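Presented below is the structure to which this report refers.
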Amino acid sequence: MLAFIIRRLAQAVVVVLAMVSIVFFGAYVVGDPVWMMAPGDATQEQIEEIRRTFGFDQPAHVQFLRFLADIARGEFGRSYVHGSSAIGLILERMPATLELAFAALVFAILFGIPLGLYAGLKPDHWFSRAVMAGSILGFSLPTFWVGLMLIMLFSVMLGWLPATGRGPTVNVLGVETSLLSLEGWRHLMLPAINLGLLKLSLVIRLTRSGAREASLQDYVKFARAKGLSQGRIIGVHILKNILIPIVTVLGLEFGSLVAFSVVTETIFAWPGMGKLLLESIQRLDRPLIVAYVMVVVLLFVTINLIVDILYSALDPRVRITGAES
Amino acid sequence: MSGAAAAQRESGEFGRFAARFMEDRVALIGLAMLVVIVLAALLAPWIAPQNPYDLARVDIMDSRQPPGAKAGEGFVMWLGSDGVGRDLWSGILYGLRISLAVGVLSGVLAATIGMALGLLAAYAGGRTETLIMRVVDLQLSMPSVLLALILVALLGKGVDKIIVALVAVQWAYYARTVRGSALVERRKEYVEAALSLGLSHARTVFRHILPNCLAPVIVIATVQTAHAISLEATLSFLGVGLPQTEPSLGVLISNGFQYMLSGKYWISFFPGVALLLTIVAINLVGDRLRDVLNPRLER
């Protein structure tokens, strides 16, 4: 087990290093950041001055090493637009994004597993067919357009839910959350549904195929022959066995929820780090972009690592085949 | 074998393939939708009541008219008009052209690059394979929307840059798929036969292995093209995609966003429906192709 964790950890470090290099050579070598920092009417001397101050006159490998050293110290430079520490700005916005992604995941699970179970256990029922057709639609619908339609329907036409912003937040142990007030929930509802819809289709499909497969297994037949109630067979025997793949996939998908929140946050003016990234892209605020990428890559690698380790703990076969290869 | 016999066998195979494709009613509807959409996009200049980008024909007095209103020039704007008085139906027809062109072009480029690298990985093996597949894994572990956003952030705006970003997020799927099937094909006897006949490696790979790897590529290509169209629309909606001079469906939806809260839903709604129908049509066709081309389901 320890060897497995160490090997995975080493892989994670390689991935992070690779991403750091790509981001560095993308952001700092392809374009010349001096042009963004210098005022429009700067003289040649002033431009040279900026270049020297920030070390842009050094050869690429020297800059790269300095960049690595800065990152190791958690220093990503200052945002050109906000003037404060880039990483600080990202971390400040992070709770809002994580809250949204988490709410979206819970939404997908709460609705996806029952619907998927139903579709898997009664595949010929009209409702199951409707659910499956809906899940194809869920894969095809572009997230941003669904968001617009949610605003149109629930905010503009029906006036039930607010369309923008996060609403009032409550400070719990230093973290702002909107989960503790009714107004906060009302603000969270539409963005969470918007973001969760894509994963809802995924959960439905995973649960359905798992349930279909499991319901043909001998242990289910045996449980039925023993006279167990249908509810117990589904709730205990089937669900337990199909949860492993669902949990794994959802764990991995959490990262993609954070990534897709860029779109949802922009539509609903949700003050998370995705919205910040988009603003930074539009204003060419490179330190913020680099800091965002690094935070998200780190998040991804950590999630993958945890899921891998959990998976190998749940299913010993992974560990053994992993060691052989 | 004579050429005629070969041609007949080819058409026989295609006929069987087409017949199996047609068995599914939903897929047929998807195909019909797709044909209509592509024709509408190709024929846009002839069937649109207005060239929405000809400034002489657009009247600012027509702006933000609801669906069914009459334009100053006399035709009925069945889907309403946008913020500067362009007929939305015409705008959608022209927008489809751009959306489809960007999606298909990026798909073709990504497929070419991905297939070449996938074949190289499978055929060369060793370090080359490890290197290529590591890059593929790294790439596939990042969500495409994020990767595209970052690339656009680094490259800047413009049609060529969007296509580069779309190619960059797609090629890895092709590479992985082609490598998978090429690895299987490589061990087959016909490859050994071709090599022992003294055919060059290039000829063996491109004339013998590649054609046998194409079935899964076709499936991937449909799914990826739908994905690329959706991704371009997303980027354009976010304001980092195509510029206003290339008004794809995403740009149209983005333009309508500001009118949404005042209840003028149609400016965003109808281009979105067009986008949705396009993606659904491609996905339905792709779904059926997967079933028909999958050898494991062969009866």
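Naming works like this for the structure tokens: A, B, ... for the chains as they're shown, residue 1 at the start of each chain, ligands 1 onward in shown order.
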
Residues of chain A within 6 Å of chain B, using only C-alpha atoms, as an MDAnalysis selection string?
-> chainID A and resid 140 256 259 281

Fewer than 3 positions away in the same chain doesn't count, so skip those; otherwise give me all residues within 9 Å of Ile47 (chain B), counting only C-alpha atoms, as a list in words.
-> Ala40, Leu43, Ala44, Gln50, Ser90 and Leu93 of chain B

In Å, how far is it from CA of Ala165 (chain B) to CA of Gly118 (chain B)?
->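 These atoms are spaced 19.4 Å apart.
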
To one decimal place, how far is CA of Arg205 (chain A) from CA of Ala148 (chain B) in Å?
->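 It comes out at 26.7 Å.
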
Mind listing the strand (DSSP E or B) residues of region 101-186 of chain A, per DSSP on the backbone, as a ChimeraX atom specification?
-> /A:170-172,175-177

Write the residues of the preceding selection, restricted to all heavy atoms, as a compact mmCIF listing (two decimals), in the first residue's frame.
# COMPACT_ATOMS: atom_id res chain seq x y z
N VAL A 170 -22.80 34.03 5.65
CA VAL A 170 -22.58 33.94 7.09
C VAL A 170 -21.16 33.45 7.31
O VAL A 170 -20.71 32.54 6.62
CB VAL A 170 -23.58 32.96 7.74
CG1 VAL A 170 -23.36 32.88 9.24
CG2 VAL A 170 -25.01 33.38 7.42
N ASN A 171 -20.46 34.07 8.23
CA ASN A 171 -19.08 33.67 8.49
C ASN A 171 -19.03 32.55 9.51
O ASN A 171 -19.44 32.73 10.66
CB ASN A 171 -18.29 34.89 8.99
CG ASN A 171 -16.80 34.64 8.95
OD1 ASN A 171 -16.34 33.57 9.32
ND2 ASN A 171 -16.06 35.62 8.49
N VAL A 172 -18.56 31.37 9.06
CA VAL A 172 -18.41 30.24 9.97
C VAL A 172 -16.95 29.85 10.04
O VAL A 172 -16.38 29.44 9.02
CB VAL A 172 -19.23 29.02 9.50
CG1 VAL A 172 -19.15 27.90 10.51
CG2 VAL A 172 -20.68 29.43 9.28
N VAL A 175 -14.81 31.15 7.26
CA VAL A 175 -15.19 30.91 5.87
C VAL A 175 -16.59 31.46 5.63
O VAL A 175 -17.51 31.17 6.38
CB VAL A 175 -15.16 29.39 5.55
CG1 VAL A 175 -15.62 29.14 4.12
CG2 VAL A 175 -13.78 28.83 5.79
N GLU A 176 -16.72 32.27 4.58
CA GLU A 176 -18.03 32.81 4.25
C GLU A 176 -18.86 31.73 3.56
O GLU A 176 -18.40 31.12 2.61
CB GLU A 176 -17.88 34.01 3.31
CG GLU A 176 -17.09 35.17 3.88
CD GLU A 176 -17.88 35.98 4.89
OE1 GLU A 176 -19.13 35.98 4.78
OE2 GLU A 176 -17.27 36.58 5.78
N THR A 177 -20.08 31.50 4.03
CA THR A 177 -20.92 30.51 3.35
C THR A 177 -22.33 31.06 3.20
O THR A 177 -22.80 31.83 4.04
CB THR A 177 -20.95 29.18 4.12
OG1 THR A 177 -21.90 28.34 3.48
CG2 THR A 177 -21.32 29.36 5.57

Extract, using only C-alpha atoms, all DNA, RNA and protein residues at most 9 Å from Ile246 (chain A), discarding same-chain residues fewer than 5 positions from it, and format them as a list in words.
->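 Residues meeting the cut-off are Val203, Leu206, Thr207, Gly210 and Gly251 of chain A.
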
Using only C-alpha atoms, which residue out of B:Pro67, B:Gly95, B:Gly126, B:Gly103 lies closest to Gln170 (chain B)?
->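 Nearest candidate to Gln170 (chain B) out of B:Pro67, B:Gly95, B:Gly126, B:Gly103: B:Gly103.
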
Enter the distance from CA of Asn241 (chain A) to CA of Ala214 (chain A), in Å, rounded to one decimal.
->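 So the two atoms, CA of Asn241 (chain A) and CA of Ala214 (chain A), lie 7.6 Å apart.
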
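Close contacts of Ala119 (chain A), defined as residues with an atom at most 10 Å away when counting only C-alpha atoms, with chain neighbours fewer than 4 positions off set aside, comprise A:Ile113, A:Pro114, A:Leu115, A:Pro123, A:Asp124, A:His125, A:Trp126, A:Phe127, A:Ser128, A:Arg129, A:Ala130, A:Val131, A:Met132, A:Ile204, A:Arg205, A:Thr207, A:Arg208, A:Ser209, A:Ala211, A:Arg212.
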
Residues as selected, N, CA and C atoms, written as a PDB file, in the first residue's frame, can you do that?
ATOM      1  N   ILE A 113     -29.162   9.431  -8.639  1.00  0.00           N
ATOM      2  CA  ILE A 113     -29.155   8.032  -8.212  1.00  0.00           C
ATOM      3  C   ILE A 113     -30.561   7.430  -8.218  1.00  0.00           C
ATOM      4  N   PRO A 114     -31.578   8.096  -7.630  1.00  0.00           N
ATOM      5  CA  PRO A 114     -32.930   7.510  -7.725  1.00  0.00           C
ATOM      6  C   PRO A 114     -33.412   7.346  -9.165  1.00  0.00           C
ATOM      7  N   LEU A 115     -33.196   8.373  -9.993  1.00  0.00           N
ATOM      8  CA  LEU A 115     -33.646   8.281 -11.384  1.00  0.00           C
ATOM      9  C   LEU A 115     -32.913   7.166 -12.118  1.00  0.00           C
ATOM     10  N   PRO A 123     -36.281  -0.958 -17.117  1.00  0.00           N
ATOM     11  CA  PRO A 123     -35.791  -0.318 -18.351  1.00  0.00           C
ATOM     12  C   PRO A 123     -36.877  -0.105 -19.402  1.00  0.00           C
ATOM     13  N   ASP A 124     -37.988  -0.846 -19.310  1.00  0.00           N
ATOM     14  CA  ASP A 124     -38.978  -0.720 -20.376  1.00  0.00           C
ATOM     15  C   ASP A 124     -40.116   0.231 -20.043  1.00  0.00           C
ATOM     16  N   HIS A 125     -40.118   0.734 -18.817  1.00  0.00           N
ATOM     17  CA  HIS A 125     -41.171   1.654 -18.422  1.00  0.00           C
ATOM     18  C   HIS A 125     -41.032   2.977 -19.192  1.00  0.00           C
ATOM     19  N   TRP A 126     -42.153   3.621 -19.483  1.00  0.00           N
ATOM     20  CA  TRP A 126     -42.072   4.864 -20.280  1.00  0.00           C
ATOM     21  C   TRP A 126     -41.284   5.923 -19.546  1.00  0.00           C
ATOM     22  N   PHE A 127     -41.405   5.932 -18.195  1.00  0.00           N
ATOM     23  CA  PHE A 127     -40.697   6.963 -17.442  1.00  0.00           C
ATOM     24  C   PHE A 127     -39.176   6.783 -17.577  1.00  0.00           C
ATOM     25  N   SER A 128     -38.731   5.493 -17.589  1.00  0.00           N
ATOM     26  CA  SER A 128     -37.297   5.230 -17.744  1.00  0.00           C
ATOM     27  C   SER A 128     -36.802   5.737 -19.087  1.00  0.00           C
ATOM     28  N   ARG A 129     -37.620   5.491 -20.113  1.00  0.00           N
ATOM     29  CA  ARG A 129     -37.231   5.964 -21.448  1.00  0.00           C
ATOM     30  C   ARG A 129     -37.123   7.480 -21.472  1.00  0.00           C
ATOM     31  N   ALA A 130     -38.075   8.128 -20.800  1.00  0.00           N
ATOM     32  CA  ALA A 130     -38.060   9.589 -20.745  1.00  0.00           C
ATOM     33  C   ALA A 130     -36.796  10.070 -20.025  1.00  0.00           C
ATOM     34  N   VAL A 131     -36.453   9.384 -18.926  1.00  0.00           N
ATOM     35  CA  VAL A 131     -35.258   9.773 -18.174  1.00  0.00           C
ATOM     36  C   VAL A 131     -34.011   9.642 -19.052  1.00  0.00           C
ATOM     37  N   MET A 132     -33.927   8.530 -19.796  1.00  0.00           N
ATOM     38  CA  MET A 132     -32.734   8.312 -20.613  1.00  0.00           C
ATOM     39  C   MET A 132     -32.652   9.329 -21.758  1.00  0.00           C
ATOM     40  N   ILE A 204     -26.985   9.566 -13.718  1.00  0.00           N
ATOM     41  CA  ILE A 204     -28.101   8.720 -14.171  1.00  0.00           C
ATOM     42  C   ILE A 204     -27.575   7.554 -14.996  1.00  0.00           C
ATOM     43  N   ARG A 205     -26.684   7.841 -15.935  1.00  0.00           N
ATOM     44  CA  ARG A 205     -26.187   6.780 -16.825  1.00  0.00           C
ATOM     45  C   ARG A 205     -25.359   5.750 -16.066  1.00  0.00           C
ATOM     46  N   THR A 207     -25.504   5.028 -12.817  1.00  0.00           N
ATOM     47  CA  THR A 207     -26.352   4.265 -11.912  1.00  0.00           C
ATOM     48  C   THR A 207     -27.177   3.254 -12.698  1.00  0.00           C
ATOM     49  N   ARG A 208     -27.700   3.697 -13.836  1.00  0.00           N
ATOM     50  CA  ARG A 208     -28.555   2.815 -14.623  1.00  0.00           C
ATOM     51  C   ARG A 208     -27.776   1.591 -15.093  1.00  0.00           C
ATOM     52  N   SER A 209     -26.603   1.818 -15.689  1.00  0.00           N
ATOM     53  CA  SER A 209     -25.875   0.655 -16.213  1.00  0.00           C
ATOM     54  C   SER A 209     -25.423  -0.240 -15.069  1.00  0.00           C
ATOM     55  N   ALA A 211     -26.980  -0.641 -12.173  1.00  0.00           N
ATOM     56  CA  ALA A 211     -28.148  -1.346 -11.645  1.00  0.00           C
ATOM     57  C   ALA A 211     -28.573  -2.467 -12.587  1.00  0.00           C
ATOM     58  N   ARG A 212     -28.485  -2.215 -13.877  1.00  0.00           N
ATOM     59  CA  ARG A 212     -28.872  -3.252 -14.837  1.00  0.00           C
ATOM     60  C   ARG A 212     -27.969  -4.462 -14.730  1.00  0.00           C
TER      61      ARG A 212
END

Write out as a list in words each polymer residue whose atoms come within 12 Å of Ala32 (chain B), counting only C-alpha atoms; drop sequence neighbours fewer than 2 positions from it.
->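 Near Ala32 (chain B), the qualifying residues are Met22, Arg25, Val26, Ala27, Leu28, Ile29, Gly30, Leu34, Val35, Val36, Ile37, Val38, Leu39, Leu277, Thr278, Val280, Ala281, Ile282, Leu284 and Val285 of chain B.
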
How about saving the chosen residues, N, CA, C and O atoms kept, as a PDB file, in the first residue's frame?
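Output saved as out-v1.pdb:
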ATOM      1  N   MET B  22     -30.131   2.739 -40.956  1.00  0.00           N
ATOM      2  CA  MET B  22     -31.519   3.177 -41.142  1.00  0.00           C
ATOM      3  C   MET B  22     -32.494   2.460 -40.214  1.00  0.00           C
ATOM      4  O   MET B  22     -33.627   2.886 -40.057  1.00  0.00           O
ATOM      5  N   ARG B  25     -35.044   4.514 -35.954  1.00  0.00           N
ATOM      6  CA  ARG B  25     -35.831   5.661 -36.388  1.00  0.00           C
ATOM      7  C   ARG B  25     -35.272   6.976 -35.846  1.00  0.00           C
ATOM      8  O   ARG B  25     -35.205   7.966 -36.548  1.00  0.00           O
ATOM      9  N   VAL B  26     -34.849   6.957 -34.561  1.00  0.00           N
ATOM     10  CA  VAL B  26     -34.349   8.182 -33.935  1.00  0.00           C
ATOM     11  C   VAL B  26     -33.113   8.693 -34.675  1.00  0.00           C
ATOM     12  O   VAL B  26     -32.967   9.888 -34.931  1.00  0.00           O
ATOM     13  N   ALA B  27     -32.239   7.733 -35.057  1.00  0.00           N
ATOM     14  CA  ALA B  27     -31.023   8.132 -35.768  1.00  0.00           C
ATOM     15  C   ALA B  27     -31.367   8.737 -37.118  1.00  0.00           C
ATOM     16  O   ALA B  27     -30.720   9.686 -37.577  1.00  0.00           O
ATOM     17  N   LEU B  28     -32.406   8.185 -37.755  1.00  0.00           N
ATOM     18  CA  LEU B  28     -32.829   8.727 -39.051  1.00  0.00           C
ATOM     19  C   LEU B  28     -33.313  10.160 -38.909  1.00  0.00           C
ATOM     20  O   LEU B  28     -32.979  11.022 -39.724  1.00  0.00           O
ATOM     21  N   ILE B  29     -34.073  10.404 -37.837  1.00  0.00           N
ATOM     22  CA  ILE B  29     -34.533  11.771 -37.582  1.00  0.00           C
ATOM     23  C   ILE B  29     -33.317  12.678 -37.389  1.00  0.00           C
ATOM     24  O   ILE B  29     -33.242  13.777 -37.943  1.00  0.00           O
ATOM     25  N   GLY B  30     -32.334  12.196 -36.611  1.00  0.00           N
ATOM     26  CA  GLY B  30     -31.115  12.966 -36.392  1.00  0.00           C
ATOM     27  C   GLY B  30     -30.411  13.286 -37.702  1.00  0.00           C
ATOM     28  O   GLY B  30     -30.010  14.418 -37.939  1.00  0.00           O
ATOM     29  N   LEU B  34     -29.763  16.867 -39.425  1.00  0.00           N
ATOM     30  CA  LEU B  34     -28.409  17.315 -39.738  1.00  0.00           C
ATOM     31  C   LEU B  34     -28.311  17.771 -41.194  1.00  0.00           C
ATOM     32  O   LEU B  34     -27.705  18.810 -41.500  1.00  0.00           O
ATOM     33  N   VAL B  35     -28.946  16.993 -42.090  1.00  0.00           N
ATOM     34  CA  VAL B  35     -28.917  17.364 -43.508  1.00  0.00           C
ATOM     35  C   VAL B  35     -29.574  18.724 -43.711  1.00  0.00           C
ATOM     36  O   VAL B  35     -29.034  19.606 -44.390  1.00  0.00           O
ATOM     37  N   VAL B  36     -30.743  18.920 -43.077  1.00  0.00           N
ATOM     38  CA  VAL B  36     -31.453  20.200 -43.211  1.00  0.00           C
ATOM     39  C   VAL B  36     -30.584  21.341 -42.673  1.00  0.00           C
ATOM     40  O   VAL B  36     -30.458  22.398 -43.306  1.00  0.00           O
ATOM     41  N   ILE B  37     -29.943  21.118 -41.507  1.00  0.00           N
ATOM     42  CA  ILE B  37     -29.139  22.173 -40.892  1.00  0.00           C
ATOM     43  C   ILE B  37     -27.957  22.537 -41.786  1.00  0.00           C
ATOM     44  O   ILE B  37     -27.675  23.717 -42.029  1.00  0.00           O
ATOM     45  N   VAL B  38     -27.281  21.501 -42.313  1.00  0.00           N
ATOM     46  CA  VAL B  38     -26.110  21.782 -43.158  1.00  0.00           C
ATOM     47  C   VAL B  38     -26.544  22.500 -44.439  1.00  0.00           C
ATOM     48  O   VAL B  38     -25.904  23.472 -44.864  1.00  0.00           O
ATOM     49  N   LEU B  39     -27.666  22.041 -45.018  1.00  0.00           N
ATOM     50  CA  LEU B  39     -28.156  22.709 -46.229  1.00  0.00           C
ATOM     51  C   LEU B  39     -28.512  24.161 -45.927  1.00  0.00           C
ATOM     52  O   LEU B  39     -28.166  25.070 -46.694  1.00  0.00           O
ATOM     53  N   LEU B 277     -30.198  22.158 -31.484  1.00  0.00           N
ATOM     54  CA  LEU B 277     -30.646  21.208 -32.501  1.00  0.00           C
ATOM     55  C   LEU B 277     -29.451  20.641 -33.271  1.00  0.00           C
ATOM     56  O   LEU B 277     -29.398  19.444 -33.568  1.00  0.00           O
ATOM     57  N   THR B 278     -28.485  21.509 -33.576  1.00  0.00           N
ATOM     58  CA  THR B 278     -27.299  21.051 -34.296  1.00  0.00           C
ATOM     59  C   THR B 278     -26.554  19.992 -33.487  1.00  0.00           C
ATOM     60  O   THR B 278     -26.218  18.917 -33.999  1.00  0.00           O
ATOM     61  N   VAL B 280     -27.632  18.167 -30.921  1.00  0.00           N
ATOM     62  CA  VAL B 280     -28.429  16.950 -30.724  1.00  0.00           C
ATOM     63  C   VAL B 280     -28.407  16.101 -31.998  1.00  0.00           C
ATOM     64  O   VAL B 280     -28.223  14.882 -31.944  1.00  0.00           O
ATOM     65  N   ALA B 281     -28.573  16.748 -33.164  1.00  0.00           N
ATOM     66  CA  ALA B 281     -28.590  15.995 -34.427  1.00  0.00           C
ATOM     67  C   ALA B 281     -27.276  15.240 -34.610  1.00  0.00           C
ATOM     68  O   ALA B 281     -27.266  14.045 -34.927  1.00  0.00           O
ATOM     69  N   ILE B 282     -26.159  15.925 -34.372  1.00  0.00           N
ATOM     70  CA  ILE B 282     -24.857  15.263 -34.544  1.00  0.00           C
ATOM     71  C   ILE B 282     -24.716  14.113 -33.551  1.00  0.00           C
ATOM     72  O   ILE B 282     -24.258  13.024 -33.893  1.00  0.00           O
ATOM     73  N   LEU B 284     -27.078  12.317 -32.120  1.00  0.00           N
ATOM     74  CA  LEU B 284     -27.947  11.183 -32.462  1.00  0.00           C
ATOM     75  C   LEU B 284     -27.303  10.341 -33.557  1.00  0.00           C
ATOM     76  O   LEU B 284     -27.279   9.113 -33.487  1.00  0.00           O
ATOM     77  N   VAL B 285     -26.764  11.014 -34.568  1.00  0.00           N
ATOM     78  CA  VAL B 285     -26.093  10.288 -35.654  1.00  0.00           C
ATOM     79  C   VAL B 285     -24.881   9.544 -35.095  1.00  0.00           C
ATOM     80  O   VAL B 285     -24.655   8.367 -35.403  1.00  0.00           O
TER      81      VAL B 285
END

Residue with smallest distance to Ile267 (chain A) - pool A:Leu65, A:Leu161, A:Leu98, A:Leu195, counting only C-alpha atoms |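 Nearest candidate to Ile267 (chain A) out of A:Leu65, A:Leu161, A:Leu98, A:Leu195: A:Leu195.
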
Excluding region 193-209 of chain B and any residue of its chain fewer than 3 positions from it, enumerate the residues within 10 Å of it, using only C-alpha atoms, and give them as a PyMOL selection string.
-> chain B and resi 116+119-120+123+181-186+188-190+212-214

Please produce a file of the residues just selected, as a compact mmCIF listing (two decimals), in the first residue's frame, where the atoms kept are N, CA, C and O atoms.
# COMPACT_ATOMS: atom_id res chain seq x y z
N ALA B 116 -2.10 10.91 -36.72
CA ALA B 116 -0.68 10.75 -37.03
C ALA B 116 0.10 10.38 -35.77
O ALA B 116 0.89 9.43 -35.76
N LEU B 119 -0.87 6.82 -34.48
CA LEU B 119 -0.24 5.76 -35.28
C LEU B 119 1.25 5.66 -34.97
O LEU B 119 1.78 4.56 -34.82
N LEU B 120 1.86 6.84 -34.85
CA LEU B 120 3.30 6.85 -34.54
C LEU B 120 3.54 6.15 -33.21
O LEU B 120 4.46 5.32 -33.09
N TYR B 123 3.01 2.38 -33.59
CA TYR B 123 3.93 1.70 -34.49
C TYR B 123 5.37 1.75 -34.00
O TYR B 123 6.10 0.77 -34.09
N SER B 181 -6.63 1.12 -31.40
CA SER B 181 -6.95 0.14 -32.45
C SER B 181 -5.72 -0.23 -33.27
O SER B 181 -5.61 -1.37 -33.72
N ALA B 182 -4.77 0.71 -33.42
CA ALA B 182 -3.56 0.38 -34.19
C ALA B 182 -2.72 -0.68 -33.48
O ALA B 182 -2.10 -1.52 -34.12
N LEU B 183 -2.72 -0.62 -32.14
CA LEU B 183 -1.96 -1.63 -31.39
C LEU B 183 -2.49 -3.04 -31.69
O LEU B 183 -1.73 -3.98 -31.84
N VAL B 184 -3.83 -3.13 -31.78
CA VAL B 184 -4.44 -4.43 -32.08
C VAL B 184 -4.11 -4.85 -33.51
O VAL B 184 -3.71 -5.99 -33.77
N GLU B 185 -4.26 -3.89 -34.45
CA GLU B 185 -4.05 -4.21 -35.85
C GLU B 185 -2.60 -4.63 -36.13
O GLU B 185 -2.32 -5.50 -36.95
N ARG B 186 -1.68 -3.96 -35.45
CA ARG B 186 -0.26 -4.17 -35.72
C ARG B 186 0.17 -5.64 -35.55
O ARG B 186 1.06 -6.13 -36.21
N LYS B 188 -1.62 -8.18 -36.18
CA LYS B 188 -2.32 -9.11 -37.07
C LYS B 188 -1.41 -9.56 -38.21
O LYS B 188 -0.43 -8.90 -38.55
N GLU B 189 -1.80 -10.66 -38.83
CA GLU B 189 -0.91 -11.29 -39.81
C GLU B 189 -0.75 -10.47 -41.08
O GLU B 189 0.29 -10.50 -41.73
N TYR B 190 -1.81 -9.72 -41.44
CA TYR B 190 -1.68 -8.99 -42.71
C TYR B 190 -0.58 -7.93 -42.65
O TYR B 190 0.04 -7.61 -43.65
N ASN B 212 -7.94 0.25 -41.32
CA ASN B 212 -8.61 -0.65 -40.39
C ASN B 212 -8.87 -0.02 -39.04
O ASN B 212 -9.51 -0.61 -38.18
N CYS B 213 -8.31 1.20 -38.82
CA CYS B 213 -8.54 1.88 -37.55
C CYS B 213 -9.60 2.95 -37.68
O CYS B 213 -9.88 3.67 -36.72
N LEU B 214 -10.19 3.11 -38.86
CA LEU B 214 -11.02 4.28 -39.10
C LEU B 214 -12.39 4.23 -38.43
O LEU B 214 -12.95 5.27 -38.10
